[in-house]
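*Asks:* Input model.txt, format and content: compact mmCIF, C-alpha atoms and all ligand atoms.
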# COMPACT_ATOMS: atom_id res chain seq x y z
CA SER A 1 -44.41 1.86 -42.03
CA ARG A 2 -43.05 0.11 -38.92
CA THR A 3 -40.04 2.42 -38.64
CA MET A 4 -40.20 5.48 -36.41
CA PRO A 5 -40.42 8.89 -38.08
CA ARG A 6 -37.09 10.64 -38.11
CA ASN A 7 -38.09 13.47 -35.74
CA ARG A 8 -39.46 10.91 -33.23
CA LEU A 9 -36.17 9.00 -33.45
CA ARG A 10 -34.27 12.18 -32.73
CA LEU A 11 -36.48 12.85 -29.70
CA VAL A 12 -35.86 9.33 -28.35
CA GLY A 13 -32.13 9.81 -28.87
CA ALA A 14 -32.17 13.12 -27.03
CA LEU A 15 -34.15 11.63 -24.15
CA ALA A 16 -31.70 8.74 -23.90
CA ALA A 17 -28.81 11.17 -23.81
CA ILE A 18 -30.48 13.12 -21.01
CA LEU A 19 -31.10 9.94 -19.03
CA VAL A 20 -27.49 8.84 -19.43
CA ALA A 21 -26.23 12.25 -18.40
CA ALA A 22 -28.59 12.32 -15.41
CA GLY A 23 -27.49 8.83 -14.39
CA LEU A 24 -23.85 9.82 -14.57
CA THR A 25 -24.26 12.96 -12.52
CA ALA A 26 -27.01 12.06 -10.06
CA GLY A 27 -25.66 8.64 -9.16
CA THR A 28 -22.47 6.65 -9.46
CA PRO A 29 -22.35 3.76 -11.91
CA ALA A 30 -22.50 1.55 -8.82
CA GLN A 31 -25.91 2.87 -7.87
CA ALA A 32 -27.06 2.71 -11.49
CA HIS A 33 -26.38 -1.03 -11.40
CA ASP A 34 -28.04 -1.40 -8.05
CA ARG A 35 -24.93 -2.73 -6.39
CA PRO A 36 -23.99 -1.26 -3.02
CA ALA A 37 -21.02 1.08 -3.28
CA THR A 38 -17.73 -0.63 -2.45
CA LEU A 39 -14.98 0.93 -0.34
CA ALA A 40 -13.22 1.65 -3.63
CA ASP A 41 -16.30 3.43 -5.03
CA LEU A 42 -16.62 5.52 -1.89
CA ALA A 43 -12.91 6.39 -1.80
CA GLN A 44 -13.00 7.35 -5.49
CA ARG A 45 -15.63 10.00 -4.74
CA HIS A 46 -12.87 11.71 -2.75
CA GLY A 47 -10.21 11.09 -5.41
CA ARG A 48 -8.65 8.40 -3.21
CA TYR A 49 -8.16 4.64 -3.53
CA PHE A 50 -8.94 1.95 -0.99
CA GLY A 51 -6.61 -1.03 -1.21
CA SER A 52 -5.72 -4.35 0.34
CA ALA A 53 -2.57 -6.40 0.54
CA THR A 54 -2.83 -10.00 -0.53
CA ASP A 55 -0.54 -13.02 -0.71
CA ASN A 56 -0.24 -15.86 -3.19
CA PRO A 57 -1.27 -18.81 -0.98
CA GLU A 58 -4.66 -17.17 -0.30
CA LEU A 59 -5.58 -16.86 -3.93
CA THR A 60 -7.08 -20.36 -4.06
CA ASP A 61 -9.78 -19.22 -1.59
CA THR A 62 -12.57 -18.14 -3.93
CA ALA A 63 -14.77 -16.50 -1.28
CA TYR A 64 -11.69 -14.48 -0.34
CA THR A 65 -10.70 -13.53 -3.89
CA SER A 66 -14.23 -12.50 -4.74
CA LEU A 67 -14.25 -9.84 -1.99
CA LEU A 68 -10.65 -8.89 -2.81
CA GLY A 69 -11.60 -8.34 -6.44
CA GLY A 70 -14.79 -6.46 -5.66
CA GLU A 71 -14.22 -4.16 -2.74
CA PHE A 72 -10.79 -2.63 -3.50
CA ASP A 73 -9.14 -0.69 -6.31
CA MET A 74 -5.50 -1.03 -5.21
CA ILE A 75 -3.59 -4.23 -4.45
CA THR A 76 -0.24 -4.78 -2.72
CA PRO A 77 1.58 -8.12 -2.88
CA GLY A 78 2.38 -8.90 0.77
CA ASN A 79 5.43 -10.99 -0.11
CA GLY A 80 5.53 -11.81 -3.82
CA MET A 81 7.78 -8.93 -4.91
CA LYS A 82 10.30 -9.13 -2.08
CA TRP A 83 13.92 -9.94 -2.78
CA TYR A 84 13.84 -13.58 -1.55
CA ALA A 85 10.95 -14.22 -3.95
CA THR A 86 12.17 -12.29 -6.99
CA GLU A 87 15.93 -12.99 -7.01
CA PRO A 88 16.32 -16.29 -5.13
CA GLN A 89 19.72 -16.89 -6.76
CA GLN A 90 22.04 -14.08 -7.75
CA GLY A 91 21.04 -12.90 -11.21
CA VAL A 92 18.20 -15.45 -11.46
CA PHE A 93 14.85 -13.72 -11.32
CA ASP A 94 11.49 -15.31 -10.58
CA TRP A 95 8.38 -13.27 -11.29
CA THR A 96 5.85 -16.05 -10.64
CA ASN A 97 4.30 -14.71 -7.45
CA GLY A 98 4.43 -11.03 -8.31
CA ASP A 99 3.01 -11.64 -11.78
CA GLN A 100 0.16 -13.73 -10.40
CA ILE A 101 -0.98 -10.81 -8.26
CA VAL A 102 -0.42 -8.17 -10.94
CA ASN A 103 -2.43 -10.25 -13.42
CA LEU A 104 -5.25 -10.78 -10.94
CA ALA A 105 -5.34 -7.06 -10.19
CA ARG A 106 -5.43 -6.24 -13.89
CA LYS A 107 -8.30 -8.67 -14.41
CA ASN A 108 -10.19 -6.89 -11.61
CA HIS A 109 -9.31 -3.39 -12.94
CA GLN A 110 -7.23 -2.68 -9.86
CA ARG A 111 -3.94 -0.81 -9.61
CA VAL A 112 -0.87 -2.15 -7.80
CA ARG A 113 1.29 -0.64 -5.04
CA ALA A 114 4.45 -2.64 -5.59
CA HIS A 115 6.35 -3.67 -2.43
CA THR A 116 9.34 -3.63 -1.82
CA LEU A 117 12.79 -3.19 -3.42
CA VAL A 118 15.25 -2.38 -0.61
CA TRP A 119 14.68 -3.85 2.83
CA HIS A 120 16.80 -5.56 5.48
CA SER A 121 14.35 -8.44 5.89
CA GLN A 122 13.31 -11.37 3.69
CA LEU A 123 16.57 -11.25 1.77
CA PRO A 124 17.90 -14.40 0.05
CA ASP A 125 20.75 -16.35 1.70
CA TRP A 126 23.15 -15.69 -1.17
CA LEU A 127 22.93 -12.02 -0.28
CA THR A 128 23.11 -12.17 3.52
CA GLY A 129 25.48 -15.15 3.81
CA ARG A 130 28.69 -13.40 2.77
CA GLU A 131 30.61 -10.14 2.94
CA TRP A 132 30.41 -7.62 0.10
CA THR A 133 32.57 -4.66 -0.74
CA ALA A 134 30.66 -1.42 -1.27
CA ASP A 135 31.24 -1.61 -5.04
CA GLU A 136 30.01 -5.20 -5.19
CA LEU A 137 26.92 -4.57 -3.12
CA ARG A 138 26.06 -1.40 -5.01
CA ALA A 139 26.18 -3.38 -8.26
CA VAL A 140 23.97 -6.11 -6.75
CA LEU A 141 21.44 -3.53 -5.55
CA LYS A 142 21.44 -1.61 -8.82
CA ASN A 143 20.90 -4.76 -10.87
CA HIS A 144 18.08 -5.91 -8.61
CA ILE A 145 16.25 -2.59 -8.76
CA LEU A 146 16.71 -2.03 -12.49
CA THR A 147 15.65 -5.58 -13.36
CA GLU A 148 12.61 -5.76 -11.09
CA VAL A 149 11.34 -2.26 -11.82
CA ARG A 150 11.80 -2.79 -15.57
CA HIS A 151 9.87 -6.04 -15.36
CA TYR A 152 6.88 -4.28 -13.79
CA ARG A 153 7.31 -1.05 -15.76
CA GLY A 154 3.95 0.37 -16.78
CA LYS A 155 2.13 -2.26 -14.70
CA VAL A 156 2.35 -0.77 -11.23
CA TYR A 157 1.19 2.53 -9.80
CA SER A 158 3.97 2.90 -7.25
CA TRP A 159 6.98 1.28 -5.61
CA ASP A 160 7.94 1.12 -1.98
CA VAL A 161 11.56 1.67 -2.96
CA VAL A 162 13.10 1.63 0.51
CA ASN A 163 11.32 0.02 3.42
CA GLU A 164 11.98 0.63 7.13
CA ALA A 165 15.25 2.57 6.88
CA PHE A 166 15.12 4.21 10.33
CA ASN A 167 15.26 3.19 13.98
CA GLU A 168 12.70 4.44 16.51
CA ASP A 169 15.03 7.25 17.62
CA GLY A 170 15.41 8.55 14.07
CA THR A 171 18.92 7.22 13.46
CA TYR A 172 19.59 5.11 10.38
CA ARG A 173 18.85 1.44 10.88
CA ASP A 174 22.06 -0.54 10.77
CA THR A 175 21.14 -2.74 7.79
CA ILE A 176 23.38 -4.48 5.29
CA TRP A 177 22.66 -1.52 2.98
CA TYR A 178 23.51 1.20 5.47
CA LYS A 179 26.53 -0.62 6.89
CA THR A 180 28.06 -1.28 3.49
CA LEU A 181 26.91 1.68 1.41
CA GLY A 182 26.17 4.46 3.89
CA PRO A 183 23.02 6.62 3.78
CA GLY A 184 23.52 7.37 0.08
CA TYR A 185 21.94 4.01 -0.80
CA ILE A 186 18.50 5.62 -0.44
CA ALA A 187 19.05 8.31 -3.10
CA ASP A 188 20.76 5.77 -5.35
CA ALA A 189 17.83 3.36 -5.04
CA LEU A 190 15.32 6.10 -5.88
CA ARG A 191 17.34 7.19 -8.92
CA TRP A 192 17.69 3.64 -10.25
CA ALA A 193 13.98 2.97 -9.76
CA HIS A 194 13.13 6.20 -11.57
CA GLN A 195 15.45 5.30 -14.40
CA ALA A 196 13.73 1.93 -14.81
CA ASP A 197 10.14 3.24 -14.64
CA PRO A 198 9.85 7.03 -14.85
CA HIS A 199 6.08 6.91 -14.32
CA ALA A 200 5.93 4.86 -11.13
CA LYS A 201 5.43 6.86 -7.93
CA LEU A 202 8.41 6.24 -5.68
CA TYR A 203 7.92 5.90 -1.93
CA LEU A 204 9.82 5.49 1.28
CA ASN A 205 7.74 3.37 3.64
CA ASP A 206 7.92 2.64 7.37
CA TYR A 207 5.99 1.77 10.53
CA ASN A 208 5.64 3.89 13.67
CA ILE A 209 5.81 7.09 11.66
CA GLU A 210 2.09 7.87 11.90
CA ALA A 211 2.59 10.35 14.72
CA VAL A 212 4.95 13.31 14.78
CA GLY A 213 8.05 12.09 16.62
CA PRO A 214 11.73 11.25 16.19
CA LYS A 215 11.16 8.57 13.57
CA SER A 216 8.74 10.57 11.38
CA ASP A 217 10.98 13.63 11.88
CA ALA A 218 13.82 11.61 10.36
CA TYR A 219 11.67 10.99 7.28
CA TYR A 220 10.67 14.63 7.15
CA GLN A 221 14.30 15.72 7.19
CA LEU A 222 15.38 13.07 4.70
CA ALA A 223 12.51 13.94 2.36
CA GLN A 224 13.38 17.63 2.54
CA ASP A 225 17.00 16.84 1.78
CA LEU A 226 16.16 14.50 -1.12
CA LYS A 227 13.77 17.08 -2.60
CA ALA A 228 16.43 19.79 -2.35
CA ARG A 229 18.82 17.53 -4.27
CA HIS A 230 16.15 16.69 -6.88
CA VAL A 231 16.23 13.02 -6.05
CA PRO A 232 13.06 11.40 -7.47
CA LEU A 233 10.87 10.87 -4.42
CA ASP A 234 7.07 11.04 -4.74
CA GLY A 235 5.68 9.91 -1.45
CA ILE A 236 5.97 8.69 2.10
CA GLY A 237 4.13 5.51 3.07
CA LEU A 238 2.93 5.31 6.66
CA GLN A 239 2.38 1.64 7.33
CA ALA A 240 0.03 2.21 10.28
CA HIS A 241 0.33 -1.12 12.05
CA LEU A 242 -1.58 0.14 15.07
CA ALA A 243 -2.38 -1.58 18.38
CA LEU A 244 -5.22 -0.62 20.72
CA GLN A 245 -2.99 -1.06 23.77
CA TYR A 246 -0.52 1.59 22.55
CA GLY A 247 -2.99 4.42 21.86
CA TYR A 248 -4.07 6.23 18.72
CA PRO A 249 -1.52 8.44 16.91
CA THR A 250 -3.42 11.69 17.41
CA THR A 251 -0.93 13.76 15.39
CA LEU A 252 -1.51 11.65 12.26
CA GLU A 253 -3.34 14.38 10.35
CA ASP A 254 -0.74 17.06 11.18
CA ASN A 255 1.99 14.65 10.21
CA LEU A 256 0.38 13.85 6.84
CA ARG A 257 -0.05 17.58 6.27
CA ARG A 258 3.59 18.47 6.83
CA PHE A 259 4.67 15.94 4.20
CA SER A 260 2.03 17.32 1.82
CA LYS A 261 3.47 20.76 2.29
CA LEU A 262 6.84 19.40 1.18
CA GLY A 263 5.15 18.52 -2.11
CA LEU A 264 4.93 14.82 -1.38
CA ASP A 265 2.10 12.33 -1.60
CA THR A 266 1.36 10.29 1.48
CA ALA A 267 -0.49 7.02 1.88
CA LEU A 268 -1.49 4.71 4.70
CA THR A 269 0.07 1.58 3.29
CA GLU A 270 -0.30 -1.39 5.65
CA VAL A 271 -3.12 -0.53 7.99
CA ASP A 272 -4.23 -2.88 10.73
CA VAL A 273 -5.41 -2.25 14.28
CA ARG A 274 -4.58 -5.20 16.47
CA MET A 275 -5.88 -5.93 19.96
CA ILE A 276 -5.05 -8.21 22.83
CA LEU A 277 -7.37 -11.21 22.57
CA PRO A 278 -10.07 -12.11 23.39
CA VAL A 279 -12.18 -9.88 21.19
CA THR A 280 -14.86 -7.89 23.04
CA ASP A 281 -17.59 -5.61 21.70
CA GLU A 282 -15.85 -2.74 23.43
CA LYS A 283 -12.53 -3.41 21.69
CA LEU A 284 -14.27 -3.80 18.34
CA ALA A 285 -15.99 -0.45 18.88
CA GLN A 286 -12.70 1.22 19.75
CA GLN A 287 -11.06 -0.39 16.73
CA ALA A 288 -13.89 0.96 14.56
CA ASP A 289 -13.27 4.46 15.94
CA TRP A 290 -9.61 4.19 15.01
CA TYR A 291 -10.37 3.03 11.46
CA ARG A 292 -12.88 5.88 11.15
CA ASP A 293 -10.36 8.43 12.44
CA LEU A 294 -7.48 7.31 10.27
CA THR A 295 -9.71 7.32 7.20
CA SER A 296 -10.92 10.85 8.03
CA ALA A 297 -7.33 11.98 8.60
CA CYS A 298 -6.35 10.84 5.11
CA LEU A 299 -9.41 12.50 3.54
CA ALA A 300 -8.60 15.75 5.36
CA VAL A 301 -5.17 16.05 3.74
CA ARG A 302 -5.18 16.74 0.04
CA ARG A 303 -2.13 14.73 -0.87
CA CYS A 304 -2.99 11.66 1.17
CA VAL A 305 -3.77 9.57 -1.90
CA GLY A 306 -5.21 6.41 -0.39
CA ILE A 307 -5.41 3.73 2.24
CA THR A 308 -4.35 0.09 2.07
CA VAL A 309 -5.20 -2.49 4.72
CA TRP A 310 -2.60 -5.21 5.32
CA ASP A 311 -4.98 -7.80 3.95
CA TYR A 312 -8.64 -7.29 4.66
CA THR A 313 -9.67 -10.32 6.70
CA ASP A 314 -8.48 -11.68 10.06
CA LYS A 315 -8.30 -15.04 8.29
CA TYR A 316 -5.07 -13.97 6.56
CA SER A 317 -3.63 -11.40 8.93
CA TRP A 318 0.09 -11.59 9.80
CA ILE A 319 -0.60 -10.52 13.39
CA PRO A 320 -1.34 -13.77 15.28
CA ALA A 321 1.88 -15.37 14.03
CA PHE A 322 4.04 -12.37 14.99
CA PHE A 323 2.28 -11.19 18.17
CA PRO A 324 1.02 -14.26 20.02
CA GLY A 325 -2.16 -13.47 21.96
CA GLU A 326 -3.03 -10.55 19.66
CA GLY A 327 -5.14 -10.36 16.52
CA ALA A 328 -8.53 -9.41 15.08
CA ALA A 329 -6.80 -6.45 13.43
CA LEU A 330 -8.68 -6.13 10.13
CA PRO A 331 -12.12 -4.88 9.02
CA TRP A 332 -13.44 -8.35 8.12
CA ASP A 333 -13.40 -11.27 10.55
CA GLU A 334 -12.10 -14.80 9.94
CA GLN A 335 -15.42 -15.80 8.38
CA LEU A 336 -15.11 -12.88 5.93
CA GLN A 337 -17.93 -11.06 7.72
CA PRO A 338 -17.61 -7.27 7.99
CA LYS A 339 -16.83 -5.98 11.49
CA PRO A 340 -17.75 -2.61 13.05
CA ALA A 341 -14.47 -1.28 11.61
CA TYR A 342 -15.74 -1.91 8.09
CA PHE A 343 -18.90 0.13 8.68
CA ALA A 344 -16.86 2.87 10.34
CA ILE A 345 -14.63 3.16 7.27
CA ARG A 346 -17.73 3.40 5.05
CA GLU A 347 -19.11 6.12 7.28
CA ALA A 348 -15.86 8.09 7.17
CA LEU A 349 -15.91 7.78 3.37
CA GLY A 350 -19.43 9.20 3.33
CA GLY A 351 -21.20 5.94 2.48
CA LYS A 352 -24.26 4.58 4.25
O1 LIG A 401 2.70 -9.67 5.52
C1 LIG A 401 4.04 -10.09 5.48
C2 LIG A 401 4.17 -11.45 6.13
O2 LIG A 401 3.45 -12.42 5.38
C3 LIG A 401 5.63 -11.81 6.23
O3 LIG A 401 5.74 -13.04 6.91
C4 LIG A 401 6.37 -10.72 6.97
C5 LIG A 401 7.83 -11.02 7.14
O4 LIG A 401 8.46 -9.96 7.82
O5 LIG A 401 6.22 -9.51 6.25
C6 LIG A 401 4.92 -9.10 6.24
O6 LIG A 401 4.80 -7.81 5.67
C7 LIG A 401 5.55 -6.78 6.28
C8 LIG A 401 5.83 -5.75 5.22
O7 LIG A 401 6.48 -6.35 4.14
C9 LIG A 401 6.63 -4.59 5.75
N1 LIG A 401 6.03 -4.00 6.93
C10 LIG A 401 5.67 -4.94 7.97
C11 LIG A 401 4.81 -6.06 7.41
C12 LIG A 401 4.38 -7.00 8.53
O8 LIG A 401 5.47 -7.69 9.04
Could you show the structure in this file as structure tokens?
*Replies:*
Amino acid sequence: SRTMPRNRLRLVGALAAILVAAGLTAGTPAQAHDRPATLADLAQRHGRYFGSATDNPELTDTAYTSLLGGEFDMITPGNGMKWYATEPQQGVFDWTNGDQIVNLARKNHQRVRAHTLVWHSQLPDWLTGREWTADELRAVLKNHILTEVRHYRGKVYSWDVVNEAFNEDGTYRDTIWYKTLGPGYIADALRWAHQADPHAKLYLNDYNIEAVGPKSDAYYQLAQDLKARHVPLDGIGLQAHLALQYGYPTTLEDNLRRFSKLGLDTALTEVDVRMILPVTDEKLAQQADWYRDLTSACLAVRRCVGITVWDYTDKYSWIPAFFPGEGAALPWDEQLQPKPAYFAIREALGGK
């Protein structure tokens, strides 16, 4: 007959099982499909993610979205979930931009670091254009957090609940929230976010807290205090907007480690390494060293869960608009070509 004898069939089945098992252990699925490992693949081998921020206007650029969808496993909306975008009129919510990015991420099997609920910047005029009593503002804040976090419940990995709460000297930043509600707004915000999505990881996030110093000390103390009071806090986000002219934060690894020891996750959440233009080979090499070092620092600390670049290409970086004469801060250039920094990250992640 043309059918295989049963014992031969069994042998073929066993061989296939062995091949599958060998493929799964000896190589990653990426290698099995002959596709070079992505940053996400490499990070996953260390139990980490590698993410990028993105923004809605860029999503019509198909060369851009193809790399965004392929290379990363975590996405942060750069603007789409901020207050001005999500509650442009009091009590009127608009999920268009946030949803577009969450849906794209889902299509690409990526997770989402949601950003951000409580910040002093990019607030709508209805909120900043009048005075509020503490009771009024607390109700406004609570409604915003509960509504937005409920909307994205189950769809996001984490929330940057409070963004940029401290000054450089470690005192509380004098925001509308602090001025009106006092420092308790931070614990309140975390509790409301937890109530609305008990599974989302809740972060405090800030810049210039990569090194040990007054500002990161303020987070350390606050985190300790919040933990002691059983306030739901899961992690500290270190934005890591670095600049070659200001020097590398050499205490980054120690700093990550002290937060780990508090029982908190950490993440590098908005990484870029800007330089004073023009670009030179020397500056690109130094930038690559910094990307390599910050990646290694995260890998060296068990609870540093991942790294996100603040978009991945110089084409869509926020830097030139905010720091005239500076730029070239990301691992891909304006033509979407990988720079030395990209290869340095791969190296730090153990890729070729
Ligand atoms: O990338 C964001 C940019 O498009 C906005 O114009 C800018 C407005 O402040 O915010 C940028 O993102 C910021 C982030 O939300 C918080 N940390 C600093 C980032 C760079 O400004």
*Asks:* Given the choices A:Leu349, A:Cys304, A:Ala321, A:Leu264, which gets closest to ligand LIG 401 (chain A) if the distance is worked out from all atoms listed in the file?
*Replies:*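 The closest residue to ligand LIG 401 (chain A) is A:Ala321.
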*Asks:* For ligand LIG 401 (chain A), which residue out of A:Lys201, A:Arg257, A:Arg303, A:Lys82 is the nearest one, using all atoms listed in the file?
*Replies:*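 Nearest to ligand LIG 401 (chain A): A:Lys82.
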*Asks:* Using all atoms listed in the file, what table do you get, as CSV, when you list each residue of chain A with an atom no more than 10 Å from ligand LIG 401 (chain A), its nearest pair of atoms, and their distance in Å rounded to one decimal, rows by chain then rising number?
*Replies:*
residue,atom,partner,partner_atom,distance
A:Ala53,CA,A:LIG401,O1,8.0
A:Thr54,CA,A:LIG401,O1,8.2
A:Asp55,CA,A:LIG401,O2,7.3
A:Asn56,CA,A:LIG401,O2,9.9
A:Thr76,CA,A:LIG401,O7,9.7
A:Pro77,CA,A:LIG401,O1,8.6
A:Gly78,CA,A:LIG401,O1,4.8
A:Asn79,CA,A:LIG401,C1,5.8
A:Gly80,CA,A:LIG401,O2,9.5
A:Met81,CA,A:LIG401,O7,9.5
A:Lys82,CA,A:LIG401,O7,7.8
A:His115,CA,A:LIG401,O7,7.1
A:Thr116,CA,A:LIG401,O7,7.1
A:Trp119,CA,A:LIG401,C9,8.6
A:His120,CA,A:LIG401,O4,9.7
A:Ser121,CA,A:LIG401,O4,6.4
A:Gln122,CA,A:LIG401,C5,6.5
A:Asp160,CA,A:LIG401,C9,9.7
A:Asn163,CA,A:LIG401,C9,7.0
A:Glu164,CA,A:LIG401,N1,7.5
A:Asn205,CA,A:LIG401,N1,8.3
A:Asp206,CA,A:LIG401,N1,6.9
A:Tyr207,CA,A:LIG401,N1,6.8
A:Leu238,CA,A:LIG401,N1,9.8
A:Gln239,CA,A:LIG401,N1,6.7
A:Ala240,CA,A:LIG401,N1,9.3
A:His241,CA,A:LIG401,C10,7.7
A:Thr269,CA,A:LIG401,N1,8.9
A:Glu270,CA,A:LIG401,N1,7.0
A:Val271,CA,A:LIG401,C11,9.7
A:Asp272,CA,A:LIG401,C12,9.8
A:Trp310,CA,A:LIG401,O1,6.9
A:Asp311,CA,A:LIG401,O1,8.1
A:Tyr316,CA,A:LIG401,O2,8.7
A:Ser317,CA,A:LIG401,O1,7.4
A:Trp318,CA,A:LIG401,O1,5.4
A:Ile319,CA,A:LIG401,C12,7.8
A:Ala321,CA,A:LIG401,O3,8.4
A:Phe322,CA,A:LIG401,O8,7.7
*Asks:* Around the point (-6.4, -9.9, -12.7), in the coordinates given by the file, pick out the residues reaching within 12 Å, counting only C-alpha atoms, and return them as a list in words.
*Replies:*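 The residues that fall inside the cut-off are Leu59, Thr65, Ser66, Leu68, Gly69, Gly70, Asp73, Met74, Ile75, Gly98, Asp99, Gln100, Ile101, Val102, Asn103, Leu104, Ala105, Arg106, Lys107, Asn108, His109, Gln110, Arg111, Val112 and Lys155 of chain A.
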*Asks:* Write a file of the just-selected residues containing C-alpha atoms, as a JSON list (two decimals), in the frame of the given file.
*Replies:*
[["chain", "number", "residue", "atom", "x", "y", "z"],
["A", 59, "LEU", "CA", -5.58, -16.86, -3.93],
["A", 65, "THR", "CA", -10.70, -13.53, -3.89],
["A", 66, "SER", "CA", -14.23, -12.50, -4.74],
["A", 68, "LEU", "CA", -10.65, -8.89, -2.81],
["A", 69, "GLY", "CA", -11.60, -8.34, -6.44],
["A", 70, "GLY", "CA", -14.79, -6.46, -5.66],
["A", 73, "ASP", "CA", -9.14, -0.69, -6.31],
["A", 74, "MET", "CA", -5.50, -1.03, -5.21],
["A", 75, "ILE", "CA", -3.59, -4.23, -4.45],
["A", 98, "GLY", "CA", 4.43, -11.03, -8.31],
["A", 99, "ASP", "CA", 3.01, -11.64, -11.78],
["A", 100, "GLN", "CA", 0.16, -13.73, -10.40],
["A", 101, "ILE", "CA", -0.98, -10.81, -8.26],
["A", 102, "VAL", "CA", -0.42, -8.17, -10.94],
["A", 103, "ASN", "CA", -2.43, -10.25, -13.42],
["A", 104, "LEU", "CA", -5.25, -10.78, -10.94],
["A", 105, "ALA", "CA", -5.34, -7.06, -10.19],
["A", 106, "ARG", "CA", -5.43, -6.24, -13.89],
["A", 107, "LYS", "CA", -8.30, -8.67, -14.41],
["A", 108, "ASN", "CA", -10.19, -6.89, -11.61],
["A", 109, "HIS", "CA", -9.31, -3.39, -12.94],
["A", 110, "GLN", "CA", -7.23, -2.68, -9.86],
["A", 111, "ARG", "CA", -3.94, -0.81, -9.61],
["A", 112, "VAL", "CA", -0.87, -2.15, -7.80],
["A", 155, "LYS", "CA", 2.13, -2.26, -14.70]]
*Asks:* Pick out the residues sitting within 10 Å of Thr171 in chain A, and hand them over as a PyMOL selection string; count all atoms listed in the file, and ignore anything fewer than 5 positions along from it in its own chain.
*Replies:* chain A and resi 165-166+214-215+218
*Asks:* Which residues, written as a list in words, have at least one atom at most 12 Å from Ala228 in chain A, with all atoms listed in the file counted and residues fewer than 5 positions away on the same chain left out?
*Replies:*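 My list of contacting residues is Ala187, Gln221, Leu222, Ala223, Leu233, Leu262 and Gly263 of chain A.
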*Asks:* Per residue of range 54-164 of chain A within 9 Å of range 172-184 of chain A, which atom pair is closest and at what distance in Å (one decimal), using all atoms listed in the file, listed by chain and increasing number, as a Markdown table?
*Replies:*
| residue | atom | partner | partner_atom | distance |
| --- | --- | --- | --- | --- |
| A:Val118 | CA | A:Trp177 | CA | 8.3 |
| A:Trp119 | CA | A:Thr175 | CA | 8.2 |
| A:His120 | CA | A:Thr175 | CA | 5.7 |
| A:Thr128 | CA | A:Ile176 | CA | 7.9 |
| A:Trp132 | CA | A:Thr180 | CA | 7.6 |
| A:Thr133 | CA | A:Thr180 | CA | 7.0 |
| A:Ala134 | CA | A:Thr180 | CA | 5.4 |
| A:Asp135 | CA | A:Leu181 | CA | 8.4 |
| A:Leu137 | CA | A:Thr180 | CA | 7.5 |
| A:Arg138 | CA | A:Leu181 | CA | 7.2 |
| A:Leu141 | CA | A:Trp177 | CA | 8.8 |
| A:Glu164 | CA | A:Arg173 | CA | 7.9 |
*Asks:* Excluding His230 in chain A and residues on its chain fewer than 3 positions from it, collect all residues at most 12 Å away from it, counting all atoms listed in the file, and give them as a PyMOL selection string.
*Replies:* chain A and resi 187-188+190-191+194+223-227+233-234
*Asks:* Would you be able to write out as a count of residues only which residues have an atom within 7 Å of (6.1, 7.7, 2.7) in the file's coordinates, counting all atoms listed in the file?
*Replies:* 9
*Asks:* Separation of CA of Val140 in chain A and CA of Val156 in chain A, in Å?
*Replies:*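 So the answer is 22.7 Å.
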*Asks:* What's around Asp125 in chain A at 12 Å? Count all atoms listed in the file, leave out sequence neighbours fewer than 6 positions away in its own chain, and write the answer as a list in words.
*Replies:*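 Non-adjacent residues within range: Trp83, Tyr84, Ala85, Glu87, Pro88, Gln89, Gln90 and Glu131 of chain A.
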*Asks:* Show which residues sit within 9 Å of Ala43 in chain A, as a PyMOL selection string. Count only C-alpha atoms, and ignore same-chain residues fewer than 3 positions away.
*Replies:* chain A and resi 38-40+46-50+299+306-307+346+349-350
*Asks:* So the first atom is CA of Pro232 in chain A and the second is CA of Asn255 in chain A; what is the distance between them in Å, to one decimal place?
*Replies:*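 Between these atoms lies a distance of 21.1 Å.
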*Asks:* Rank nothing, just name the residue among A:Thr250, A:Leu256, A:Pro324, A:Val301 nearest to Arg274 in chain A, using all atoms listed in the file.
*Replies:*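 The closest residue to Arg274 in chain A is A:Pro324.
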*Asks:* Just give me the gap between CA of Asn167 in chain A and CA of Thr313 in chain A in Å, one decimal is fine.
*Replies:*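 That distance, rounded to one decimal, is 29.3 Å.
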*Asks:* Between A:Leu146, A:Ala139, A:Leu284, A:Ile209, which has the minimum distance to Gly170 in chain A (counting only C-alpha atoms)?
*Replies:*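 Going through A:Leu146, A:Ala139, A:Leu284, A:Ile209 one by one, the smallest distance to Gly170 in chain A is for A:Ile209.
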